[in-house]
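Q: Here you go, input-v7.json (JSON, C-alpha atoms and all ligand atoms):
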[["chain", "number", "residue", "atom", "x", "y", "z"],
["A", 1, "MET", "CA", -151.42, 125.11, -46.74],
["A", 2, "LYS", "CA", -154.05, 127.14, -44.92],
["A", 3, "ILE", "CA", -155.75, 125.98, -41.75],
["A", 4, "LEU", "CA", -159.20, 127.18, -40.72],
["A", 5, "THR", "CA", -160.68, 126.22, -37.36],
["A", 6, "ILE", "CA", -164.39, 126.43, -36.58],
["A", 7, "THR", "CA", -165.16, 126.68, -32.89],
["A", 8, "GLY", "CA", -167.29, 128.38, -30.26],
["A", 9, "TYR", "CA", -168.38, 128.25, -26.66],
["A", 10, "LYS", "CA", -171.87, 127.03, -27.42],
["A", 11, "GLY", "CA", -173.44, 123.88, -28.88],
["A", 12, "GLY", "CA", -175.81, 123.84, -31.83],
["A", 13, "CYS", "CA", -174.82, 127.16, -33.37],
["A", 14, "GLY", "CA", -173.88, 125.80, -36.79],
["A", 15, "LYS", "CA", -170.21, 124.92, -36.33],
["A", 16, "SER", "CA", -170.40, 121.62, -38.20],
["A", 17, "VAL", "CA", -172.66, 123.02, -40.94],
["A", 18, "THR", "CA", -170.17, 125.87, -41.34],
["A", 19, "ALA", "CA", -167.16, 123.53, -41.44],
["A", 20, "ILE", "CA", -168.83, 121.43, -44.15],
["A", 21, "HIS", "CA", -169.81, 124.39, -46.30],
["A", 22, "VAL", "CA", -166.54, 126.28, -45.94],
["A", 23, "ALA", "CA", -164.81, 123.05, -46.99],
["A", 24, "THR", "CA", -167.23, 122.75, -49.93],
["A", 25, "TYR", "CA", -166.40, 126.30, -51.03],
["A", 26, "LEU", "CA", -162.65, 125.67, -50.79],
["A", 27, "SER", "CA", -162.92, 122.35, -52.63],
["A", 28, "ALA", "CA", -163.38, 124.33, -55.86],
["A", 29, "LEU", "CA", -159.99, 125.94, -55.28],
["A", 30, "GLY", "CA", -157.81, 123.12, -54.05],
["A", 31, "ASP", "CA", -157.41, 119.90, -52.17],
["A", 32, "VAL", "CA", -159.35, 120.05, -48.89],
["A", 33, "VAL", "CA", -159.47, 117.91, -45.76],
["A", 34, "LEU", "CA", -162.07, 118.41, -43.07],
["A", 35, "VAL", "CA", -160.78, 117.17, -39.72],
["A", 36, "ASP", "CA", -163.68, 116.13, -37.47],
["A", 37, "SER", "CA", -162.57, 116.62, -33.90],
["A", 38, "ASP", "CA", -166.09, 116.68, -32.49],
["A", 39, "PRO", "CA", -166.93, 113.49, -30.56],
["A", 40, "ASN", "CA", -170.44, 113.70, -32.08],
["A", 41, "ARG", "CA", -168.77, 113.04, -35.45],
["A", 42, "THR", "CA", -171.38, 115.21, -37.20],
["A", 43, "SER", "CA", -169.21, 115.81, -40.26],
["A", 44, "LEU", "CA", -168.10, 112.19, -40.59],
["A", 45, "SER", "CA", -171.65, 110.88, -40.47],
["A", 46, "TRP", "CA", -172.79, 113.54, -42.96],
["A", 47, "ALA", "CA", -170.10, 112.32, -45.33],
["A", 48, "ASN", "CA", -171.03, 108.68, -44.72],
["A", 49, "ARG", "CA", -174.69, 109.27, -45.63],
["A", 50, "GLY", "CA", -173.90, 110.66, -49.06],
["A", 51, "GLN", "CA", -171.02, 112.36, -50.77],
["A", 52, "LEU", "CA", -169.03, 115.47, -49.94],
["A", 53, "PRO", "CA", -166.55, 117.08, -52.36],
["A", 54, "PHE", "CA", -163.61, 116.74, -49.95],
["A", 55, "THR", "CA", -162.04, 114.22, -47.57],
["A", 56, "VAL", "CA", -163.42, 113.99, -44.03],
["A", 57, "VAL", "CA", -161.15, 112.42, -41.46],
["A", 58, "ASP", "CA", -161.33, 111.53, -37.79],
["A", 59, "GLU", "CA", -158.90, 113.74, -35.84],
["A", 60, "ARG", "CA", -157.07, 110.64, -34.60],
["A", 61, "LYS", "CA", -156.14, 109.82, -38.18],
["A", 62, "ALA", "CA", -155.57, 113.39, -39.32],
["A", 63, "MET", "CA", -151.78, 113.56, -39.22],
["A", 64, "LYS", "CA", -151.19, 111.33, -42.22],
["A", 65, "VAL", "CA", -154.06, 112.66, -44.29],
["A", 66, "VAL", "CA", -153.45, 116.39, -44.02],
["A", 67, "GLN", "CA", -149.97, 116.33, -45.55],
["A", 68, "GLY", "CA", -149.67, 118.23, -48.80],
["A", 69, "ARG", "CA", -153.25, 119.50, -48.83],
["A", 70, "ASP", "CA", -154.15, 123.06, -49.78],
["A", 71, "PHE", "CA", -156.75, 123.65, -47.07],
["A", 72, "ILE", "CA", -157.45, 122.04, -43.70],
["A", 73, "VAL", "CA", -160.81, 122.82, -42.08],
["A", 74, "ILE", "CA", -161.16, 121.72, -38.45],
["A", 75, "ASP", "CA", -164.60, 121.15, -36.91],
["A", 76, "THR", "CA", -164.45, 121.24, -33.10],
["A", 77, "PRO", "CA", -166.87, 120.55, -30.26],
["A", 78, "ALA", "CA", -168.32, 123.40, -28.21],
["A", 79, "ARG", "CA", -165.86, 124.67, -25.61],
["A", 80, "PRO", "CA", -167.58, 126.55, -22.83],
["A", 81, "ASP", "CA", -164.21, 127.72, -21.53],
["A", 82, "SER", "CA", -162.71, 130.31, -23.83],
["A", 83, "SER", "CA", -159.29, 130.25, -22.17],
["A", 84, "ASP", "CA", -157.80, 127.73, -24.61],
["A", 85, "LEU", "CA", -159.13, 129.55, -27.69],
["A", 86, "LYS", "CA", -155.98, 131.60, -27.97],
["A", 87, "GLU", "CA", -153.88, 128.46, -28.45],
["A", 88, "LEU", "CA", -156.37, 127.22, -31.05],
["A", 89, "ALA", "CA", -156.12, 130.54, -32.87],
["A", 90, "GLU", "CA", -152.34, 130.42, -32.84],
["A", 91, "GLY", "CA", -152.45, 126.98, -34.43],
["A", 92, "CYS", "CA", -154.39, 128.09, -37.50],
["A", 93, "ASP", "CA", -154.64, 130.83, -40.12],
["A", 94, "LEU", "CA", -158.17, 131.88, -39.20],
["A", 95, "LEU", "CA", -160.50, 131.01, -36.34],
["A", 96, "ILE", "CA", -164.20, 131.19, -37.22],
["A", 97, "LEU", "CA", -166.71, 131.56, -34.39],
["A", 98, "PRO", "CA", -170.29, 130.85, -35.45],
["A", 99, "THR", "CA", -172.87, 132.46, -33.20],
["A", 100, "LEU", "CA", -176.62, 132.83, -33.12],
["A", 101, "PRO", "CA", -177.97, 136.37, -33.32],
["A", 102, "ASP", "CA", -179.55, 136.29, -29.88],
["A", 103, "ILE", "CA", -179.03, 138.36, -26.83],
["A", 104, "VAL", "CA", -177.77, 135.46, -24.67],
["A", 105, "SER", "CA", -174.95, 134.90, -27.18],
["A", 106, "LEU", "CA", -173.75, 138.49, -27.03],
["A", 107, "GLU", "CA", -172.02, 138.55, -23.63],
["A", 108, "PRO", "CA", -170.13, 135.25, -24.14],
["A", 109, "MET", "CA", -168.99, 136.44, -27.57],
["A", 110, "LEU", "CA", -167.70, 139.70, -26.13],
["A", 111, "GLN", "CA", -165.84, 137.72, -23.45],
["A", 112, "THR", "CA", -164.40, 135.42, -26.12],
["A", 113, "ALA", "CA", -163.29, 138.42, -28.17],
["A", 114, "HIS", "CA", -161.62, 139.85, -25.09],
["A", 115, "ASP", "CA", -159.78, 136.56, -24.45],
["A", 116, "LEU", "CA", -158.68, 136.34, -28.08],
["A", 117, "GLY", "CA", -157.18, 139.82, -28.17],
["A", 118, "GLU", "CA", -155.25, 140.37, -31.38],
["A", 119, "ALA", "CA", -155.63, 136.77, -32.65],
["A", 120, "ASN", "CA", -156.84, 136.22, -36.20],
["A", 121, "TYR", "CA", -160.51, 135.41, -35.79],
["A", 122, "ARG", "CA", -163.95, 136.45, -37.03],
["A", 123, "ALA", "CA", -167.41, 135.94, -35.63],
["A", 124, "LEU", "CA", -170.02, 134.52, -38.03],
["A", 125, "LEU", "CA", -173.74, 135.03, -37.54],
["A", 126, "THR", "CA", -175.56, 131.80, -38.30],
["A", 127, "ILE", "CA", -179.13, 130.49, -38.32],
["A", 128, "VAL", "CA", -180.27, 134.08, -38.83],
["A", 129, "PRO", "CA", -184.06, 134.48, -38.98],
["A", 130, "PRO", "CA", -185.48, 135.88, -42.23],
["A", 131, "LYS", "CA", -186.81, 139.40, -42.76],
["A", 132, "PRO", "CA", -188.62, 141.28, -41.36],
["A", 133, "SER", "CA", -186.53, 140.16, -38.36],
["A", 134, "ARG", "CA", -183.49, 142.39, -37.95],
["A", 135, "GLU", "CA", -181.80, 140.25, -35.30],
["A", 136, "GLY", "CA", -178.85, 139.42, -37.55],
["A", 137, "GLU", "CA", -178.08, 143.03, -38.46],
["A", 138, "ALA", "CA", -178.61, 144.17, -34.87],
["A", 139, "MET", "CA", -176.19, 141.60, -33.47],
["A", 140, "ARG", "CA", -173.62, 142.36, -36.18],
["A", 141, "GLU", "CA", -173.76, 146.06, -35.37],
["A", 142, "GLU", "CA", -173.56, 145.39, -31.64],
["A", 143, "LEU", "CA", -170.48, 143.19, -32.05],
["A", 144, "ARG", "CA", -168.82, 145.67, -34.41],
["A", 145, "SER", "CA", -169.46, 148.59, -32.11],
["A", 146, "ASN", "CA", -167.65, 146.57, -29.44],
["A", 147, "GLY", "CA", -164.67, 146.08, -31.73],
["A", 148, "VAL", "CA", -165.34, 142.40, -32.53],
["A", 149, "PRO", "CA", -164.40, 141.40, -36.10],
["A", 150, "VAL", "CA", -167.52, 139.97, -37.77],
["A", 151, "PHE", "CA", -168.05, 138.63, -41.28],
["A", 152, "SER", "CA", -170.42, 140.85, -43.28],
["A", 153, "THR", "CA", -172.06, 137.72, -44.64],
["A", 154, "MET", "CA", -174.68, 136.16, -42.36],
["A", 155, "ILE", "CA", -175.98, 132.62, -42.78],
["A", 156, "ARG", "CA", -179.75, 132.52, -43.10],
["A", 157, "ARG", "CA", -181.94, 130.06, -41.25],
["A", 158, "THR", "CA", -183.33, 127.64, -43.82],
["A", 159, "ALA", "CA", -184.62, 124.08, -43.86],
["A", 160, "GLY", "CA", -182.26, 123.33, -46.76],
["A", 161, "PHE", "CA", -179.46, 122.59, -44.30],
["A", 162, "GLN", "CA", -181.42, 119.83, -42.58],
["A", 163, "LYS", "CA", -182.30, 118.34, -45.97],
["A", 164, "ALA", "CA", -178.68, 118.49, -47.05],
["A", 165, "ALA", "CA", -177.60, 116.81, -43.81],
["A", 166, "LEU", "CA", -180.12, 114.01, -44.26],
["A", 167, "ALA", "CA", -179.06, 113.45, -47.84],
["A", 168, "GLY", "CA", -175.36, 113.64, -46.98],
["A", 169, "PHE", "CA", -174.62, 116.36, -49.54],
["A", 170, "PRO", "CA", -173.61, 119.99, -49.24],
["A", 171, "ILE", "CA", -176.53, 122.39, -49.70],
["A", 172, "ARG", "CA", -174.77, 123.51, -52.90],
["A", 173, "ASP", "CA", -175.92, 120.26, -54.52],
["A", 174, "LEU", "CA", -179.64, 120.72, -53.75],
["A", 175, "THR", "CA", -182.03, 122.43, -56.15],
["A", 176, "GLY", "CA", -184.57, 125.26, -56.08],
["A", 177, "ARG", "CA", -185.34, 126.99, -52.79],
["A", 178, "ASP", "CA", -183.51, 124.31, -50.81],
["A", 179, "ARG", "CA", -180.27, 125.56, -52.32],
["A", 180, "MET", "CA", -180.66, 129.23, -51.31],
["A", 181, "GLY", "CA", -178.48, 128.85, -48.20],
["A", 182, "TRP", "CA", -175.53, 128.13, -50.49],
["A", 183, "LEU", "CA", -175.52, 131.79, -51.59],
["A", 184, "ASP", "CA", -174.52, 132.71, -48.04],
["A", 185, "TYR", "CA", -171.65, 130.24, -47.74],
["A", 186, "ASP", "CA", -170.50, 131.20, -51.24],
["A", 187, "SER", "CA", -170.33, 134.82, -50.19],
["A", 188, "LEU", "CA", -168.66, 133.87, -46.90],
["A", 189, "GLY", "CA", -166.06, 131.96, -48.90],
["A", 190, "SER", "CA", -164.89, 135.13, -50.67],
["A", 191, "GLU", "CA", -164.58, 136.92, -47.35],
["A", 192, "ILE", "CA", -162.54, 134.04, -45.95],
["A", 193, "LEU", "CA", -160.14, 134.10, -48.89],
["A", 194, "GLU", "CA", -159.61, 137.77, -48.31],
["A", 195, "ALA", "CA", -159.01, 137.18, -44.59],
["A", 196, "ILE", "CA", -156.36, 134.51, -45.22],
["A", 197, "GLY", "CA", -154.71, 136.41, -48.06],
["A", 198, "ARG", "CA", -155.59, 134.07, -50.91],
["B", 1, "LIG", "N1", -178.36, 128.10, -41.29],
["B", 1, "LIG", "C1", -179.10, 127.13, -40.73],
["B", 1, "LIG", "N2", -180.45, 127.10, -40.90],
["B", 1, "LIG", "C2", -181.21, 126.12, -40.34],
["B", 1, "LIG", "N3", -180.71, 125.14, -39.58],
["B", 1, "LIG", "C3", -179.39, 125.11, -39.36],
["B", 1, "LIG", "C4", -178.51, 126.10, -39.92],
["B", 1, "LIG", "N4", -177.25, 125.82, -39.53],
["B", 1, "LIG", "C5", -177.33, 124.71, -38.76],
["B", 1, "LIG", "N5", -178.59, 124.29, -38.66],
["B", 1, "LIG", "C6", -179.10, 123.13, -37.90],
["B", 1, "LIG", "O1", -178.85, 123.38, -36.52],
["B", 1, "LIG", "C7", -178.42, 122.20, -35.88],
["B", 1, "LIG", "C8", -177.03, 122.43, -35.27],
["B", 1, "LIG", "O2", -176.11, 122.66, -36.32],
["B", 1, "LIG", "P1", -174.62, 122.13, -36.22],
["B", 1, "LIG", "O3", -174.61, 120.67, -35.98],
["B", 1, "LIG", "O4", -173.87, 122.65, -37.39],
["B", 1, "LIG", "O5", -174.16, 122.91, -34.91],
["B", 1, "LIG", "P2", -172.86, 122.67, -34.02],
["B", 1, "LIG", "O6", -172.50, 124.01, -33.49],
["B", 1, "LIG", "O7", -171.85, 121.94, -34.80],
["B", 1, "LIG", "O8", -173.43, 121.75, -32.86],
["B", 1, "LIG", "P3", -172.56, 120.89, -31.79],
["B", 1, "LIG", "O9", -172.11, 121.90, -30.77],
["B", 1, "LIG", "O10", -173.55, 119.92, -31.26],
["B", 1, "LIG", "O11", -171.42, 120.29, -32.53],
["B", 1, "LIG", "C9", -178.44, 121.09, -36.93],
["B", 1, "LIG", "O12", -179.66, 120.41, -36.85],
["B", 1, "LIG", "C10", -178.34, 121.86, -38.24],
["B", 1, "LIG", "O13", -178.97, 121.18, -39.31],
["B", 2, "MG", "MG", -170.83, 120.13, -34.43]]
Show me, as structure tokens, the structure contained in the file I just sent.
Ligand SMILES: Nc1ncnc2c1ncn2[C@@H]1O[C@H](COP(=O)(O)OP(=O)(O)OP(=O)(O)O)[C@@H](O)[C@H]1O
Ligand SMILES: [Mg+2]

A:
Amino acid sequence: MKILTITGYKGGCGKSVTAIHVATYLSALGDVVLVDSDPNRTSLSWANRGQLPFTVVDERKAMKVVQGRDFIVIDTPARPDSSDLKELAEGCDLLILPTLPDIVSLEPMLQTAHDLGEANYRALLTIVPPKPSREGEAMREELRSNGVPVFSTMIRRTAGFQKAALAGFPIRDLTGRDRMGWLDYDSLGSEILEAIGR
């Protein structure tokens, strides 16, 4: 069993979208449970609107459901205080920290990285504006030059995610241009497998 936790200090940076799509990727490889520990219940309501290819469970009911699964993905609320991140990291195989590629996110991410020390975590650039913007690449380089582990894959900003949320499906199940964002989570999935030694 491998446990992946999605967290971050900031709201609205794609944590729930990331949890849902990482779980979608892993669902092709094994039995997956997404534990929704965000009081907004974003993932649970997404699942209730349509159909997701894995089980979504309220954290209060998680204990029973997670037994014997191959992958547990945990969606968490924003935590402005990074001091308890280390404990979160110790409780899982990989901590994923989605972040927007903007300058106000840089300092907090560097602080978080400092607090996490040698823990197993990676930053993930999400909601990245399309070319010719270079904000994603610039932020990735900035983080790397400060020694922060960052996924090479960046998640593009695309309206497909909103459509997928409304429909209650993963973006993988949309068609045409709406589906393009799946390419990013698919590529992220391979990086995650490498990071957790699968
Ligand atoms: N790659 C993307 N492109 C466009 N919109 C996105 C993308 N990722 C997420 N969003 C949108 O941004 C909003 C916030 O995303 P999400 O709910 O995943 O963030 P969150 O970090 O879980 O927020 P919260 O802190 O409130 O739990 C949602 O409306 C979602 O549809
Ligand atoms: Mg959320």

Q: Check every protein, DNA and RNA residue against ligand LIG 1 (chain B), keep those with an atom at most 9 Å away (counting only C-alpha atoms and all ligand atoms), and present them as a PyMOL selection string.

A: chain A and resi 6-20+38-43+75-79+98-99+126-129+154-166+181

Q: With all atoms listed in the file counted, which protein, DNA or RNA residues have an atom no more than 6 Å from (-174.6, 125.5, -54.7) in the file frame? Please answer as a list in words.

A: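 Neighbouring residues, ordered by chain and number, come to Arg172, Asp173 and Trp182 of chain A.
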
Q: Could you tell me how far atom CA of A:Glu137 lies from atom CA of A:Gly189, in Å and to one decimal?

A: 19.4 Å

Q: With all atoms listed in the file as the counted atoms, please give the residues lying no more than 12 Å from A:Phe151, apart from itself and same-chain residues fewer than 4 positions off, as a PyMOL selection string.

A: chain A and resi 95-99+121-126+136-137+139-141+143-144+155+184-185+187-195

Q: So the first atom is atom CA of A:Gly30 and the second is atom CA of A:Asp70; what is the distance between them in Å, to one decimal place?

A: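 Interatomic distance here is 5.6 Å.
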
Q: Can you tell me how far atom CA of A:Pro130 sits from atom CA of A:Pro101, in Å to one decimal?

A: 11.7 Å

Q: Given the choices A:Leu44, A:Asp31, A:Val66, A:Ala89, which gets closest to ligand MG 2 (chain B) if the distance is worked out from all atoms listed in the file?

A: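 The shortest atom-to-atom distance to ligand MG 2 (chain B) comes from A:Leu44.
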
Q: Determine the nearest neighbour of ligand MG 2 (chain B) from the options A:Asp81, A:Glu118, A:Asp36, A:Glu107, counting only C-alpha atoms and all ligand atoms.

A: A:Asp36

Q: Find the residues around A:Met1 up to 8 Å (only C-alpha atoms counted), leave out those fewer than 2 positions away in its own chain, and share them as a PDB file with C-alpha atoms, in the coordinates of the input.

A:
ATOM      1  CA  ILE A   3    -155.750 125.980 -41.750  1.00  0.00           C
ATOM      2  CA  GLY A  68    -149.670 118.230 -48.800  1.00  0.00           C
ATOM      3  CA  ARG A  69    -153.250 119.500 -48.830  1.00  0.00           C
ATOM      4  CA  ASP A  70    -154.150 123.060 -49.780  1.00  0.00           C
ATOM      5  CA  PHE A  71    -156.750 123.650 -47.070  1.00  0.00           C
ATOM      6  CA  ILE A  72    -157.450 122.040 -43.700  1.00  0.00           C
TER       7      ILE A  72
END

Q: Please determine, counting only C-alpha atoms, which residue among A:Arg134, A:Lys86, A:Arg198, A:Arg179 has the shortest atom-to-atom distance to A:Ala113.

A: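 With only C-alpha atoms as the atom set, the closest residue is A:Lys86.
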
Q: Between A:Thr24, A:Ser133, A:Ser83, A:Ser45, which is the closest to ligand MG 2 (chain B) once you count only C-alpha atoms and all ligand atoms?

A: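 Between A:Thr24, A:Ser133, A:Ser83, A:Ser45, the residue approaching ligand MG 2 (chain B) most closely is A:Ser45.
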
Q: Using all atoms listed in the file, find the one residue out of A:Val56, A:Val65, A:Ile74, A:Leu85 that sits nearest to A:Ser37.

A: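 Using all atoms listed in the file, A:Ser37 sits closest to A:Ile74.
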
Q: Select, from A:Val35, A:Cys92, A:Pro149, A:Ile171, the residue with the minimum atom-to-atom distance to ligand MG 2 (chain B), counting only C-alpha atoms and all ligand atoms.

A: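 Answer, going by the shortest atom-to-atom distance: A:Val35.
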
Q: Could you complete stretch 65-95 of chain A so that it carries N, CA and C atoms, and give it back as an mmCIF file, keeping the file's coordinate frame?

A:
data_model
loop_
_atom_site.group_PDB
_atom_site.id
_atom_site.type_symbol
_atom_site.label_atom_id
_atom_site.label_comp_id
_atom_site.auth_asym_id
_atom_site.auth_seq_id
_atom_site.Cartn_x
_atom_site.Cartn_y
_atom_site.Cartn_z
ATOM 1 N N VAL A 65 -153.204 112.239 -43.172
ATOM 2 C CA VAL A 65 -154.060 112.660 -44.290
ATOM 3 C C VAL A 65 -153.859 114.118 -44.683
ATOM 4 N N VAL A 66 -153.490 114.963 -43.723
ATOM 5 C CA VAL A 66 -153.450 116.390 -44.020
ATOM 6 C C VAL A 66 -152.219 116.816 -44.833
ATOM 7 N N GLN A 67 -151.208 115.945 -44.870
ATOM 8 C CA GLN A 67 -149.970 116.330 -45.550
ATOM 9 C C GLN A 67 -150.189 116.671 -47.018
ATOM 10 N N GLY A 68 -149.649 117.831 -47.393
ATOM 11 C CA GLY A 68 -149.670 118.230 -48.800
ATOM 12 C C GLY A 68 -150.999 118.782 -49.294
ATOM 13 N N ARG A 69 -151.951 118.952 -48.400
ATOM 14 C CA ARG A 69 -153.250 119.500 -48.830
ATOM 15 C C ARG A 69 -153.170 121.020 -48.922
ATOM 16 N N ASP A 70 -154.128 121.599 -49.666
ATOM 17 C CA ASP A 70 -154.150 123.060 -49.780
ATOM 18 C C ASP A 70 -154.873 123.707 -48.593
ATOM 19 N N PHE A 71 -155.957 123.067 -48.157
ATOM 20 C CA PHE A 71 -156.750 123.650 -47.070
ATOM 21 C C PHE A 71 -157.138 122.577 -46.053
ATOM 22 N N ILE A 72 -156.977 122.909 -44.780
ATOM 23 C CA ILE A 72 -157.450 122.040 -43.700
ATOM 24 C C ILE A 72 -158.532 122.814 -42.964
ATOM 25 N N VAL A 73 -159.707 122.207 -42.842
ATOM 26 C CA VAL A 73 -160.810 122.820 -42.080
ATOM 27 C C VAL A 73 -161.033 121.934 -40.861
ATOM 28 N N ILE A 74 -161.006 122.519 -39.668
ATOM 29 C CA ILE A 74 -161.160 121.720 -38.450
ATOM 30 C C ILE A 74 -162.484 122.047 -37.766
ATOM 31 N N ASP A 75 -163.317 121.017 -37.614
ATOM 32 C CA ASP A 75 -164.600 121.150 -36.910
ATOM 33 C C ASP A 75 -164.363 120.716 -35.457
ATOM 34 N N THR A 76 -164.715 121.548 -34.514
ATOM 35 C CA THR A 76 -164.450 121.240 -33.100
ATOM 36 C C THR A 76 -165.750 121.167 -32.304
ATOM 37 N N PRO A 77 -165.692 120.530 -31.131
ATOM 38 C CA PRO A 77 -166.870 120.550 -30.260
ATOM 39 C C PRO A 77 -166.995 121.911 -29.578
ATOM 40 N N ALA A 78 -168.147 122.160 -28.970
ATOM 41 C CA ALA A 78 -168.320 123.400 -28.210
ATOM 42 C C ALA A 78 -167.341 123.403 -27.040
ATOM 43 N N ARG A 79 -166.768 124.548 -26.758
ATOM 44 C CA ARG A 79 -165.860 124.670 -25.610
ATOM 45 C C ARG A 79 -166.307 125.828 -24.734
ATOM 46 N N PRO A 80 -167.023 125.503 -23.683
ATOM 47 C CA PRO A 80 -167.580 126.550 -22.830
ATOM 48 C C PRO A 80 -166.511 127.451 -22.207
ATOM 49 N N ASP A 81 -165.288 126.927 -22.096
ATOM 50 C CA ASP A 81 -164.210 127.720 -21.530
ATOM 51 C C ASP A 81 -163.406 128.350 -22.658
ATOM 52 N N SER A 82 -163.380 129.663 -22.701
ATOM 53 C CA SER A 82 -162.710 130.310 -23.830
ATOM 54 C C SER A 82 -161.209 130.482 -23.606
ATOM 55 N N SER A 83 -160.700 129.979 -22.474
ATOM 56 C CA SER A 83 -159.290 130.250 -22.170
ATOM 57 C C SER A 83 -158.324 129.550 -23.126
ATOM 58 N N ASP A 84 -158.735 128.417 -23.696
ATOM 59 C CA ASP A 84 -157.800 127.730 -24.610
ATOM 60 C C ASP A 84 -157.999 128.139 -26.071
ATOM 61 N N LEU A 85 -158.878 129.119 -26.310
ATOM 62 C CA LEU A 85 -159.130 129.550 -27.690
ATOM 63 C C LEU A 85 -157.894 130.217 -28.308
ATOM 64 N N LYS A 86 -157.151 130.897 -27.464
ATOM 65 C CA LYS A 86 -155.980 131.600 -27.970
ATOM 66 C C LYS A 86 -154.979 130.623 -28.595
ATOM 67 N N GLU A 87 -154.798 129.484 -27.922
ATOM 68 C CA GLU A 87 -153.880 128.460 -28.450
ATOM 69 C C GLU A 87 -154.422 127.921 -29.776
ATOM 70 N N LEU A 88 -155.750 127.693 -29.808
ATOM 71 C CA LEU A 88 -156.370 127.220 -31.050
ATOM 72 C C LEU A 88 -156.126 128.216 -32.174
ATOM 73 N N ALA A 89 -156.300 129.489 -31.856
ATOM 74 C CA ALA A 89 -156.120 130.540 -32.870
ATOM 75 C C ALA A 89 -154.690 130.573 -33.355
ATOM 76 N N GLU A 90 -153.749 130.381 -32.446
ATOM 77 C CA GLU A 90 -152.340 130.420 -32.840
ATOM 78 C C GLU A 90 -151.966 129.249 -33.738
ATOM 79 N N GLY A 91 -152.746 128.160 -33.631
ATOM 80 C CA GLY A 91 -152.450 126.980 -34.430
ATOM 81 C C GLY A 91 -153.092 126.983 -35.802
ATOM 82 N N CYS A 92 -153.750 128.078 -36.174
ATOM 83 C CA CYS A 92 -154.390 128.090 -37.500
ATOM 84 C C CYS A 92 -154.258 129.457 -38.151
ATOM 85 N N ASP A 93 -154.723 129.558 -39.397
ATOM 86 C CA ASP A 93 -154.640 130.830 -40.120
ATOM 87 C C ASP A 93 -155.839 131.716 -39.837
ATOM 88 N N LEU A 94 -156.970 131.095 -39.520
ATOM 89 C CA LEU A 94 -158.170 131.880 -39.200
ATOM 90 C C LEU A 94 -159.087 131.040 -38.323
ATOM 91 N N LEU A 95 -159.549 131.655 -37.234
ATOM 92 C CA LEU A 95 -160.500 131.010 -36.340
ATOM 93 C C LEU A 95 -161.879 131.600 -36.649
#
